[in-house]
$ cat protein-v4.cif   # mmCIF, C-alpha atoms, pLDDT in the B column; chains and numbers go by the auth columns
data_query
#
loop_
_atom_site.group_PDB
_atom_site.id
_atom_site.type_symbol
_atom_site.label_atom_id
_atom_site.label_comp_id
_atom_site.label_asym_id
_atom_site.label_seq_id
_atom_site.Cartn_x
_atom_site.Cartn_y
_atom_site.Cartn_z
_atom_site.B_iso_or_equiv
_atom_site.auth_seq_id
_atom_site.auth_asym_id
ATOM 1 C CA MET A 1 -3.917 -21.508 -23.319 79.00 231 Q
ATOM 2 C CA LEU A 2 -6.177 -24.511 -22.733 87.00 232 Q
ATOM 3 C CA PRO A 3 -9.995 -24.213 -22.901 91.00 233 Q
ATOM 4 C CA LEU A 4 -11.592 -26.095 -20.006 93.00 234 Q
ATOM 5 C CA ARG A 5 -15.297 -25.598 -20.671 93.00 235 Q
ATOM 6 C CA ASP A 6 -17.780 -23.132 -22.095 94.00 236 Q
ATOM 7 C CA ARG A 7 -20.739 -21.394 -20.483 92.00 237 Q
ATOM 8 C CA ASN A 8 -23.016 -22.305 -23.367 93.00 238 Q
ATOM 9 C CA PRO A 9 -25.129 -25.410 -22.643 90.00 239 Q
ATOM 10 C CA SER A 10 -26.514 -26.994 -25.786 89.00 240 Q
ATOM 11 C CA GLY A 11 -29.518 -28.584 -24.096 88.00 241 Q
ATOM 12 C CA ILE A 12 -29.070 -31.790 -26.116 93.00 242 Q
ATOM 13 C CA THR A 13 -27.254 -35.086 -25.758 94.00 243 Q
ATOM 14 C CA PRO A 14 -24.635 -34.859 -28.543 96.00 244 Q
ATOM 15 C CA TRP A 15 -24.712 -38.471 -29.658 97.00 245 Q
ATOM 16 C CA VAL A 16 -22.826 -37.822 -32.891 97.00 246 Q
ATOM 17 C CA VAL A 17 -20.014 -36.074 -31.011 98.00 247 Q
ATOM 18 C CA TYR A 18 -19.814 -38.976 -28.564 98.00 248 Q
ATOM 19 C CA GLY A 19 -19.778 -41.420 -31.465 98.00 249 Q
ATOM 20 C CA ILE A 20 -16.919 -39.592 -33.174 98.00 250 Q
ATOM 21 C CA ILE A 21 -14.929 -39.604 -29.931 98.00 251 Q
ATOM 22 C CA VAL A 22 -15.510 -43.340 -29.413 98.00 252 Q
ATOM 23 C CA ILE A 23 -14.470 -44.175 -32.975 97.00 253 Q
ATOM 24 C CA ASN A 24 -11.280 -42.128 -32.672 97.00 254 Q
ATOM 25 C CA VAL A 25 -10.379 -43.719 -29.342 97.00 255 Q
ATOM 26 C CA LEU A 26 -11.024 -47.258 -30.609 97.00 256 Q
ATOM 27 C CA VAL A 27 -8.970 -46.641 -33.752 97.00 257 Q
ATOM 28 C CA PHE A 28 -6.116 -45.249 -31.686 96.00 258 Q
ATOM 29 C CA MET A 29 -6.206 -48.244 -29.346 96.00 259 Q
ATOM 30 C CA GLY A 30 -5.732 -50.378 -32.422 95.00 260 Q
ATOM 31 C CA GLU A 31 -2.819 -48.182 -33.490 95.00 261 Q
ATOM 32 C CA ALA A 32 -1.236 -48.441 -30.053 94.00 262 Q
ATOM 33 C CA SER A 33 -1.284 -52.235 -30.242 94.00 263 Q
ATOM 34 C CA MET A 34 0.674 -52.312 -33.511 94.00 264 Q
ATOM 35 C CA SER A 35 4.381 -52.555 -34.111 93.00 265 Q
ATOM 36 C CA GLU A 36 6.175 -49.489 -35.433 92.00 266 Q
ATOM 37 C CA GLU A 37 6.477 -51.124 -38.827 94.00 267 Q
ATOM 38 C CA GLY A 38 2.783 -51.969 -38.908 94.00 268 Q
ATOM 39 C CA LEU A 39 1.824 -48.482 -37.760 94.00 269 Q
ATOM 40 C CA ASN A 40 3.929 -46.868 -40.464 93.00 270 Q
ATOM 41 C CA ALA A 41 2.247 -49.077 -43.057 94.00 271 Q
ATOM 42 C CA LEU A 42 -1.186 -48.180 -41.680 95.00 272 Q
ATOM 43 C CA THR A 43 -0.624 -44.429 -41.801 94.00 273 Q
ATOM 44 C CA ALA A 44 0.935 -44.668 -45.257 92.00 274 Q
ATOM 45 C CA ARG A 45 -2.127 -46.569 -46.508 93.00 275 Q
ATOM 46 C CA PHE A 46 -4.938 -44.695 -44.755 95.00 276 Q
ATOM 47 C CA GLY A 47 -3.343 -41.275 -44.196 94.00 277 Q
ATOM 48 C CA LEU A 48 -3.425 -38.722 -47.009 95.00 278 Q
ATOM 49 C CA VAL A 49 -0.005 -38.560 -48.704 94.00 279 Q
ATOM 50 C CA PRO A 50 0.104 -35.384 -50.849 94.00 280 Q
ATOM 51 C CA ALA A 51 2.831 -36.692 -53.161 93.00 281 Q
ATOM 52 C CA GLU A 52 0.737 -39.777 -53.956 94.00 282 Q
ATOM 53 C CA VAL A 53 -2.312 -37.607 -54.646 94.00 283 Q
ATOM 54 C CA THR A 54 -0.242 -35.536 -57.083 94.00 284 Q
ATOM 55 C CA GLN A 55 0.899 -38.685 -58.857 92.00 285 Q
ATOM 56 C CA ALA A 56 -2.683 -39.993 -59.043 91.00 286 Q
ATOM 57 C CA VAL A 57 -3.977 -36.705 -60.425 88.00 287 Q
ATOM 58 C CA THR A 58 -1.377 -36.868 -63.196 87.00 288 Q
ATOM 59 C CA GLY A 59 -2.455 -40.411 -64.070 82.00 289 Q
ATOM 60 C CA LYS A 60 0.371 -42.275 -62.311 84.00 290 Q
ATOM 61 C CA GLY A 61 -1.703 -43.841 -59.557 79.00 291 Q
ATOM 62 C CA SER A 62 -5.162 -44.720 -58.280 85.00 292 Q
ATOM 63 C CA LEU A 63 -7.327 -41.800 -57.156 84.00 293 Q
ATOM 64 C CA LEU A 64 -9.406 -44.197 -55.058 87.00 294 Q
ATOM 65 C CA GLN A 65 -6.375 -45.404 -53.130 88.00 295 Q
ATOM 66 C CA ALA A 66 -4.449 -42.130 -53.001 88.00 296 Q
ATOM 67 C CA LEU A 67 -7.268 -39.644 -52.419 90.00 297 Q
ATOM 68 C CA ILE A 68 -10.836 -40.850 -51.946 92.00 298 Q
ATOM 69 C CA VAL A 69 -10.283 -43.455 -49.210 93.00 299 Q
ATOM 70 C CA PRO A 70 -7.590 -41.555 -47.237 93.00 300 Q
ATOM 71 C CA MET A 71 -9.660 -38.368 -47.445 92.00 301 Q
ATOM 72 C CA LEU A 72 -12.101 -40.037 -45.038 93.00 302 Q
ATOM 73 C CA THR A 73 -9.924 -42.441 -43.052 95.00 303 Q
ATOM 74 C CA SER A 74 -7.083 -40.020 -42.286 95.00 304 Q
ATOM 75 C CA MET A 75 -9.254 -37.926 -39.979 95.00 305 Q
ATOM 76 C CA PHE A 76 -9.684 -40.904 -37.631 96.00 306 Q
ATOM 77 C CA LEU A 77 -5.960 -41.611 -37.204 96.00 307 Q
ATOM 78 C CA HIS A 78 -3.683 -39.894 -34.680 95.00 308 Q
ATOM 79 C CA GLY A 79 0.037 -39.677 -34.095 90.00 309 Q
ATOM 80 C CA GLY A 80 0.069 -40.092 -30.316 91.00 310 Q
ATOM 81 C CA TRP A 81 -1.894 -39.819 -27.078 93.00 311 Q
ATOM 82 C CA LEU A 82 -1.437 -36.058 -26.800 92.00 312 Q
ATOM 83 C CA HIS A 83 -2.585 -35.602 -30.398 93.00 313 Q
ATOM 84 C CA LEU A 84 -5.693 -37.673 -29.709 96.00 314 Q
ATOM 85 C CA LEU A 85 -6.529 -36.172 -26.317 95.00 315 Q
ATOM 86 C CA GLY A 86 -6.083 -32.584 -27.493 94.00 316 Q
ATOM 87 C CA ASN A 87 -8.373 -33.095 -30.465 96.00 317 Q
ATOM 88 C CA MET A 88 -11.054 -34.966 -28.546 97.00 318 Q
ATOM 89 C CA TRP A 89 -11.015 -32.386 -25.744 96.00 319 Q
ATOM 90 C CA PHE A 90 -11.713 -29.496 -28.132 97.00 320 Q
ATOM 91 C CA LEU A 91 -14.394 -31.584 -29.848 97.00 321 Q
ATOM 92 C CA TYR A 92 -16.041 -32.406 -26.519 96.00 322 Q
ATOM 93 C CA ILE A 93 -16.157 -28.774 -25.362 96.00 323 Q
ATOM 94 C CA PHE A 94 -17.370 -27.037 -28.510 97.00 324 Q
ATOM 95 C CA ALA A 95 -19.051 -29.528 -30.842 97.00 325 Q
ATOM 96 C CA ASP A 96 -22.221 -30.204 -28.813 96.00 326 Q
ATOM 97 C CA ASN A 97 -23.560 -26.720 -29.578 96.00 327 Q
ATOM 98 C CA VAL A 98 -22.881 -27.097 -33.294 97.00 328 Q
ATOM 99 C CA GLU A 99 -24.558 -30.510 -33.338 97.00 329 Q
ATOM 100 C CA GLY A 100 -27.570 -29.001 -31.573 95.00 330 Q
ATOM 101 C CA ARG A 101 -27.771 -26.202 -34.112 95.00 331 Q
ATOM 102 C CA LEU A 102 -27.425 -28.356 -37.232 96.00 332 Q
ATOM 103 C CA GLY A 103 -29.060 -31.618 -36.159 94.00 333 Q
ATOM 104 C CA ARG A 104 -27.320 -34.970 -35.843 94.00 334 Q
ATOM 105 C CA GLY A 105 -27.110 -36.176 -39.421 94.00 335 Q
ATOM 106 C CA SER A 106 -26.390 -32.714 -40.747 96.00 336 Q
ATOM 107 C CA PHE A 107 -23.636 -32.199 -38.186 97.00 337 Q
ATOM 108 C CA ALA A 108 -21.950 -35.473 -39.186 97.00 338 Q
ATOM 109 C CA LEU A 109 -21.877 -34.320 -42.814 97.00 339 Q
ATOM 110 C CA PHE A 110 -20.661 -30.847 -41.782 98.00 340 Q
ATOM 111 C CA TYR A 111 -17.835 -32.388 -39.725 98.00 341 Q
ATOM 112 C CA VAL A 112 -16.632 -34.613 -42.563 97.00 342 Q
ATOM 113 C CA LEU A 113 -16.853 -31.821 -45.130 97.00 343 Q
ATOM 114 C CA CYS A 114 -14.770 -29.485 -42.961 97.00 344 Q
ATOM 115 C CA GLY A 115 -12.200 -32.267 -42.639 97.00 345 Q
ATOM 116 C CA VAL A 116 -12.107 -32.731 -46.410 96.00 346 Q
ATOM 117 C CA VAL A 117 -11.584 -28.997 -47.008 97.00 347 Q
ATOM 118 C CA ALA A 118 -8.843 -28.992 -44.368 96.00 348 Q
ATOM 119 C CA LEU A 119 -7.027 -31.832 -46.133 96.00 349 Q
ATOM 120 C CA ALA A 120 -7.425 -30.097 -49.483 95.00 350 Q
ATOM 121 C CA THR A 121 -5.858 -26.950 -48.035 95.00 351 Q
ATOM 122 C CA GLU A 122 -2.885 -28.865 -46.667 94.00 352 Q
ATOM 123 C CA TYR A 123 -2.458 -30.631 -50.001 93.00 353 Q
ATOM 124 C CA LEU A 124 -2.468 -27.365 -51.953 93.00 354 Q
ATOM 125 C CA LEU A 125 0.217 -25.964 -49.655 92.00 355 Q
ATOM 126 C CA ARG A 126 2.462 -29.060 -49.812 90.00 356 Q
ATOM 127 C CA PRO A 127 1.523 -31.058 -52.935 92.00 357 Q
ATOM 128 C CA ASN A 128 4.849 -32.915 -53.039 92.00 358 Q
ATOM 129 C CA SER A 129 5.113 -33.891 -49.394 91.00 359 Q
ATOM 130 C CA PRO A 130 5.785 -37.628 -48.922 93.00 360 Q
ATOM 131 C CA LEU A 131 4.466 -37.595 -45.356 92.00 361 Q
ATOM 132 C CA PRO A 132 0.974 -38.875 -44.469 93.00 362 Q
ATOM 133 C CA VAL A 133 -1.415 -36.239 -43.113 94.00 363 Q
ATOM 134 C CA ILE A 134 -3.497 -37.690 -40.274 94.00 364 Q
ATOM 135 C CA GLY A 135 -5.710 -36.448 -37.455 95.00 365 Q
ATOM 136 C CA ALA A 136 -9.108 -34.946 -36.723 96.00 366 Q
ATOM 137 C CA SER A 137 -7.706 -31.442 -36.225 95.00 367 Q
ATOM 138 C CA GLY A 138 -8.936 -30.053 -39.545 96.00 368 Q
ATOM 139 C CA ALA A 139 -12.512 -31.242 -39.034 97.00 369 Q
ATOM 140 C CA ILE A 140 -12.503 -29.978 -35.447 97.00 370 Q
ATOM 141 C CA ALA A 141 -11.121 -26.631 -36.613 97.00 371 Q
ATOM 142 C CA GLY A 142 -14.246 -26.383 -38.771 98.00 372 Q
ATOM 143 C CA VAL A 143 -16.365 -26.910 -35.665 98.00 373 Q
ATOM 144 C CA LEU A 144 -14.446 -24.119 -33.914 98.00 374 Q
ATOM 145 C CA GLY A 145 -15.020 -21.780 -36.844 97.00 375 Q
ATOM 146 C CA ALA A 146 -18.747 -22.507 -36.758 97.00 376 Q
ATOM 147 C CA TYR A 147 -18.812 -21.953 -32.988 97.00 377 Q
ATOM 148 C CA VAL A 148 -17.205 -18.515 -33.305 97.00 378 Q
ATOM 149 C CA VAL A 149 -19.790 -17.443 -35.876 96.00 379 Q
ATOM 150 C CA CYS A 150 -22.801 -18.689 -33.906 95.00 380 Q
ATOM 151 C CA TRP A 151 -21.725 -17.865 -30.326 96.00 381 Q
ATOM 152 C CA PRO A 152 -18.968 -15.226 -30.434 96.00 382 Q
ATOM 153 C CA LYS A 153 -19.854 -13.916 -26.975 95.00 383 Q
ATOM 154 C CA ALA A 154 -20.145 -17.302 -25.241 96.00 384 Q
ATOM 155 C CA ARG A 155 -17.836 -17.414 -22.243 95.00 385 Q
ATOM 156 C CA VAL A 156 -14.991 -19.931 -22.317 95.00 386 Q
ATOM 157 C CA LEU A 157 -13.012 -20.814 -19.211 94.00 387 Q
ATOM 158 C CA CYS A 158 -9.328 -21.159 -20.120 92.00 388 Q
ATOM 159 C CA LEU A 159 -6.230 -22.242 -18.246 89.00 389 Q
ATOM 160 C CA VAL A 160 -3.508 -19.728 -19.086 85.00 390 Q
ATOM 161 C CA PRO A 161 0.166 -20.137 -18.075 81.00 391 Q
ATOM 162 C CA PHE A 162 1.816 -16.947 -16.874 78.00 392 Q
ATOM 163 C CA PHE A 163 5.506 -17.344 -16.038 78.00 393 Q
ATOM 164 C CA TYR A 164 5.537 -20.120 -13.409 79.00 394 Q
ATOM 165 C CA PHE A 165 1.844 -19.865 -12.532 81.00 395 Q
ATOM 166 C CA LEU A 166 -1.402 -21.076 -14.051 85.00 396 Q
ATOM 167 C CA HIS A 167 -4.453 -18.824 -14.099 84.00 397 Q
ATOM 168 C CA PHE A 168 -8.121 -19.435 -14.840 91.00 398 Q
ATOM 169 C CA VAL A 169 -9.377 -16.789 -17.252 91.00 399 Q
ATOM 170 C CA GLU A 170 -12.881 -16.452 -18.696 93.00 400 Q
ATOM 171 C CA LEU A 171 -12.851 -15.137 -22.266 94.00 401 Q
ATOM 172 C CA PRO A 172 -15.419 -14.608 -25.020 95.00 402 Q
ATOM 173 C CA ALA A 173 -15.291 -17.402 -27.591 96.00 403 Q
ATOM 174 C CA VAL A 174 -14.296 -14.952 -30.319 96.00 404 Q
ATOM 175 C CA ILE A 175 -11.167 -14.096 -28.302 95.00 405 Q
ATOM 176 C CA ALA A 176 -10.288 -17.588 -27.071 94.00 406 Q
ATOM 177 C CA LEU A 177 -10.770 -19.310 -30.427 95.00 407 Q
ATOM 178 C CA GLY A 178 -9.615 -16.283 -32.400 94.00 408 Q
ATOM 179 C CA MET A 179 -6.274 -16.469 -30.590 92.00 409 Q
ATOM 180 C CA TRP A 180 -6.086 -20.187 -31.393 93.00 410 Q
ATOM 181 C CA PHE A 181 -6.684 -19.451 -35.081 94.00 411 Q
ATOM 182 C CA LEU A 182 -4.120 -16.634 -35.128 93.00 412 Q
ATOM 183 C CA ILE A 183 -1.472 -18.947 -33.689 90.00 413 Q
ATOM 184 C CA GLN A 184 -2.272 -21.605 -36.298 91.00 414 Q
ATOM 185 C CA PHE A 185 -2.120 -19.043 -39.099 91.00 415 Q
ATOM 186 C CA LEU A 186 1.195 -17.528 -37.985 90.00 416 Q
ATOM 187 C CA GLN A 187 2.842 -20.886 -37.346 87.00 417 Q
ATOM 188 C CA GLY A 188 1.537 -22.188 -40.657 84.00 418 Q
ATOM 189 C CA ALA A 189 2.912 -19.175 -42.513 86.00 419 Q
ATOM 190 C CA ALA A 190 6.286 -19.588 -40.796 83.00 420 Q
ATOM 191 C CA SER A 191 6.465 -23.281 -41.729 77.00 421 Q
ATOM 192 C CA LEU A 192 5.702 -22.887 -45.427 75.00 422 Q
ATOM 193 C CA GLY A 193 9.351 -22.731 -46.415 65.00 423 Q
ATOM 194 C CA ALA A 194 10.451 -25.390 -43.931 63.00 424 Q
ATOM 195 C CA PRO A 195 11.492 -28.865 -45.123 57.00 425 Q
ATOM 196 C CA PHE A 196 9.036 -31.668 -44.405 53.00 426 Q
ATOM 197 C CA ALA A 197 11.594 -34.411 -43.907 45.00 427 Q
ATOM 198 C CA HIS A 198 10.794 -34.858 -40.234 48.00 428 Q
ATOM 199 C CA GLY A 199 7.065 -34.133 -40.238 59.00 429 Q
ATOM 200 C CA GLY A 200 5.232 -31.740 -37.964 70.00 430 Q
ATOM 201 C CA VAL A 201 1.856 -30.104 -37.457 83.00 431 Q
ATOM 202 C CA ALA A 202 -0.396 -29.589 -40.477 88.00 432 Q
ATOM 203 C CA TYR A 203 -1.189 -25.940 -39.737 90.00 433 Q
ATOM 204 C CA GLY A 204 -2.601 -25.470 -43.218 92.00 434 Q
ATOM 205 C CA ALA A 205 -5.283 -28.038 -42.445 94.00 435 Q
ATOM 206 C CA HIS A 206 -6.185 -26.170 -39.247 95.00 436 Q
ATOM 207 C CA VAL A 207 -6.532 -22.871 -41.082 95.00 437 Q
ATOM 208 C CA GLY A 208 -8.459 -24.400 -43.975 96.00 438 Q
ATOM 209 C CA GLY A 209 -10.843 -26.247 -41.670 97.00 439 Q
ATOM 210 C CA PHE A 210 -11.504 -23.168 -39.534 97.00 440 Q
ATOM 211 C CA VAL A 211 -12.285 -20.989 -42.560 97.00 441 Q
ATOM 212 C CA ALA A 212 -14.478 -23.750 -44.018 97.00 442 Q
ATOM 213 C CA GLY A 213 -16.474 -23.890 -40.782 97.00 443 Q
ATOM 214 C CA ILE A 214 -17.009 -20.120 -40.819 97.00 444 Q
ATOM 215 C CA ILE A 215 -18.265 -20.160 -44.394 97.00 445 Q
ATOM 216 C CA LEU A 216 -20.335 -23.341 -44.274 97.00 446 Q
ATOM 217 C CA ILE A 217 -22.205 -22.523 -41.052 96.00 447 Q
ATOM 218 C CA LYS A 218 -23.514 -19.328 -42.654 94.00 448 Q
ATOM 219 C CA VAL A 219 -25.196 -21.193 -45.509 93.00 449 Q
ATOM 220 C CA TRP A 220 -25.963 -24.529 -43.815 91.00 450 Q
ATOM 221 C CA PRO A 221 -29.633 -25.223 -42.994 84.00 451 Q
ATOM 222 C CA HIS A 222 -30.258 -25.235 -39.244 77.00 452 Q
ATOM 223 C CA SER A 223 -32.207 -27.811 -37.301 68.00 453 Q
ATOM 224 C CA GLU A 224 -35.757 -26.861 -36.371 54.00 454 Q
ATOM 225 C CA ARG A 225 -35.558 -29.025 -33.273 55.00 455 Q
ATOM 226 C CA PRO A 226 -35.795 -26.795 -30.156 48.00 456 Q
ATOM 227 C CA GLN A 227 -33.079 -27.104 -27.556 50.00 457 Q
ATOM 228 C CA ARG A 228 -33.860 -27.476 -23.882 48.00 458 Q
ATOM 229 C CA PRO A 229 -32.875 -24.256 -22.091 43.00 459 Q
ATOM 230 C CA ARG A 230 -30.437 -24.611 -19.220 43.00 460 Q
ATOM 231 C CA SER A 231 -28.240 -22.217 -17.320 41.00 461 Q
ATOM 232 C CA TYR A 232 -25.241 -22.210 -15.018 38.00 462 Q
ATOM 233 C CA ASN A 233 -24.867 -19.715 -12.200 39.00 463 Q
ATOM 234 C CA ARG A 234 -21.195 -20.376 -11.516 38.00 464 Q
ATOM 235 C CA TRP A 235 -18.178 -22.294 -12.697 38.00 465 Q
ATOM 236 C CA SER A 236 -17.210 -25.614 -11.166 31.00 466 Q
ATOM 237 C CA TYR A 237 -13.516 -26.448 -11.160 30.00 467 Q
#

$ encode --input "protein-v4.cif" --output "structure tokens"
Amino acid sequence: MLPLRDRNPSGITPWVVYGIIVINVLVFMGEASMSEEGLNALTARFGLVPAEVTQAVTGKGSLLQALIVPMLTSMFLHGGWLHLLGNMWFLYIFADNVEGRLGRGSFALFYVLCGVVALATEYLLRPNSPLPVIGASGAIAGVLGAYVVCWPKARVLCLVPFFYFLHFVELPAVIALGMWFLIQFLQGAASLGAPFAHGGVAYGAHVGGFVAGIILIKVWPHSERPQRPRSYNRWSY
């Protein structure tokens, strides 16, 4: 199931969202220009490696190098075009409303904090993993969690495969994003006992980020800036 757009205009120009997208795209273009050896070195240095964090916590490494720097830089690295495009597409559809609700500076802090909690969750689940954790998925999951809390009944147009056919289905956000979260949770639970020798999706980060977004949006101060009302009478495909 792929969300295509929501019927929930924010009434603002989401400059922070656009900025995050641009930064991620520019960083990935740099990644794409590197050799495989250079890319591996980059992700090992700026991705979050749980095993290195564990060593640093026990006094066998630098917390700055193993945890503090990668905690921020890892969420701007991606493992491929599909990884990047999927993350940026979800961010583009749902984050403008959250930015409008929180305000620009506050949204930027909210986004980063959700990403940090997502990384912490993944670390707690796999503290000895030698593989770098990279991607904006955890931070974006926090945005999705906030969206569900604030606009559970907002309509989301989704592309749903059914056997050999594709169908356009309009669903409430609580159903569309709730199904996404359920899939992440079930796949994450199924992968807990799996070896991490070949890598994979950090489902724990998705779950942790989503839950963080749900909790934080309930206590986060909202922007007093009014949003311009707009409405759509029909979908455009």

$ atom_distance --input "protein-v4.cif" --atom1 "CA of Gly434 (chain Q)" --atom2 "CA of Gln414 (chain Q)"
7.9 Å

$ resolve_selection --input "protein-v4.cif" --expression "the PyMOL selection byres ((chain Q and resi 243) around 10)" --output "PyMOL selection string"
chain Q and resi 240-242+244-248+326-327+329-330

$ atom_distance --input "protein-v4.cif" --atom1 "CA of Phe258 (chain Q)" --atom2 "CA of Met305 (chain Q)"
11.5 Å

$ residues_around --input "protein-v4.cif" --residues "region 279-285 of chain Q" --least-positions-apart "3" --cutoff "12 Å" --atoms "only C-alpha atoms" --output "number ranges by chain"
Q: 272-276, 288-301, 304, 349-364, 426, 429, 432

$ resolve_selection --input "protein-v4.cif" --expression "the PyMOL selection byres ((chain Q and resi 377) around 9)" --output "number ranges by chain"
Q: 324-325, 327-328, 372-376, 378-382, 403-404, 407, 443-444, 447

$ residues_near_point --input "protein-v4.cif" --point "(-12.0, -26.0, -31.6)" --cutoff "6 Å" --atoms "all atoms listed in the file" --output "list in words"
Phe320, Ile370, Ala371 and Leu374 of chain Q

$ atom_distance --input "protein-v4.cif" --atom1 "CA of Arg237 (chain Q)" --atom2 "CA of Arg385 (chain Q)"
5.2 Å

$ build_atoms --input "protein-v4.cif" --residues "region 278-293 of chain Q" --atoms "N, CA and C atoms" --output "mmCIF file, in the frame of the given file"
data_model
loop_
_atom_site.group_PDB
_atom_site.id
_atom_site.type_symbol
_atom_site.label_atom_id
_atom_site.label_comp_id
_atom_site.auth_asym_id
_atom_site.auth_seq_id
_atom_site.Cartn_x
_atom_site.Cartn_y
_atom_site.Cartn_z
ATOM 1 N N LEU Q 278 -3.480 -39.382 -45.702
ATOM 2 C CA LEU Q 278 -3.425 -38.722 -47.009
ATOM 3 C C LEU Q 278 -1.991 -38.297 -47.294
ATOM 4 N N VAL Q 279 -1.376 -38.886 -48.323
ATOM 5 C CA VAL Q 279 -0.005 -38.560 -48.704
ATOM 6 C C VAL Q 279 -0.060 -37.627 -49.911
ATOM 7 N N PRO Q 280 0.240 -36.337 -49.740
ATOM 8 C CA PRO Q 280 0.104 -35.384 -50.849
ATOM 9 C C PRO Q 280 0.846 -35.792 -52.113
ATOM 10 N N ALA Q 281 2.059 -36.311 -51.976
ATOM 11 C CA ALA Q 281 2.831 -36.692 -53.161
ATOM 12 C C ALA Q 281 2.114 -37.780 -53.956
ATOM 13 N N GLU Q 282 1.465 -38.710 -53.270
ATOM 14 C CA GLU Q 282 0.737 -39.777 -53.956
ATOM 15 C C GLU Q 282 -0.514 -39.231 -54.637
ATOM 16 N N VAL Q 283 -1.152 -38.247 -54.018
ATOM 17 C CA VAL Q 283 -2.312 -37.607 -54.646
ATOM 18 C C VAL Q 283 -1.887 -36.918 -55.940
ATOM 19 N N THR Q 284 -0.749 -36.219 -55.897
ATOM 20 C CA THR Q 284 -0.242 -35.536 -57.083
ATOM 21 C C THR Q 284 0.036 -36.530 -58.201
ATOM 22 N N GLN Q 285 0.633 -37.657 -57.855
ATOM 23 C CA GLN Q 285 0.899 -38.685 -58.857
ATOM 24 C C GLN Q 285 -0.397 -39.234 -59.435
ATOM 25 N N ALA Q 286 -1.407 -39.459 -58.568
ATOM 26 C CA ALA Q 286 -2.683 -39.993 -59.043
ATOM 27 C C ALA Q 286 -3.401 -39.008 -59.953
ATOM 28 N N VAL Q 287 -3.326 -37.725 -59.605
ATOM 29 C CA VAL Q 287 -3.977 -36.705 -60.425
ATOM 30 C C VAL Q 287 -3.361 -36.645 -61.816
ATOM 31 N N THR Q 288 -2.057 -36.897 -61.898
ATOM 32 C CA THR Q 288 -1.377 -36.868 -63.196
ATOM 33 C C THR Q 288 -1.447 -38.209 -63.921
ATOM 34 N N GLY Q 289 -2.248 -39.133 -63.400
ATOM 35 C CA GLY Q 289 -2.455 -40.411 -64.070
ATOM 36 C C GLY Q 289 -1.461 -41.489 -63.732
ATOM 37 N N LYS Q 290 -0.652 -41.295 -62.679
ATOM 38 C CA LYS Q 290 0.371 -42.275 -62.311
ATOM 39 C C LYS Q 290 0.000 -43.083 -61.074
ATOM 40 N N GLY Q 291 -1.270 -43.081 -60.722
ATOM 41 C CA GLY Q 291 -1.703 -43.841 -59.557
ATOM 42 C C GLY Q 291 -3.211 -43.888 -59.491
ATOM 43 N N SER Q 292 -3.723 -44.559 -58.456
ATOM 44 C CA SER Q 292 -5.162 -44.720 -58.280
ATOM 45 C C SER Q 292 -5.724 -43.589 -57.419
ATOM 46 N N LEU Q 293 -6.686 -42.851 -57.946
ATOM 47 C CA LEU Q 293 -7.327 -41.800 -57.156
ATOM 48 C C LEU Q 293 -8.084 -42.377 -55.972
#
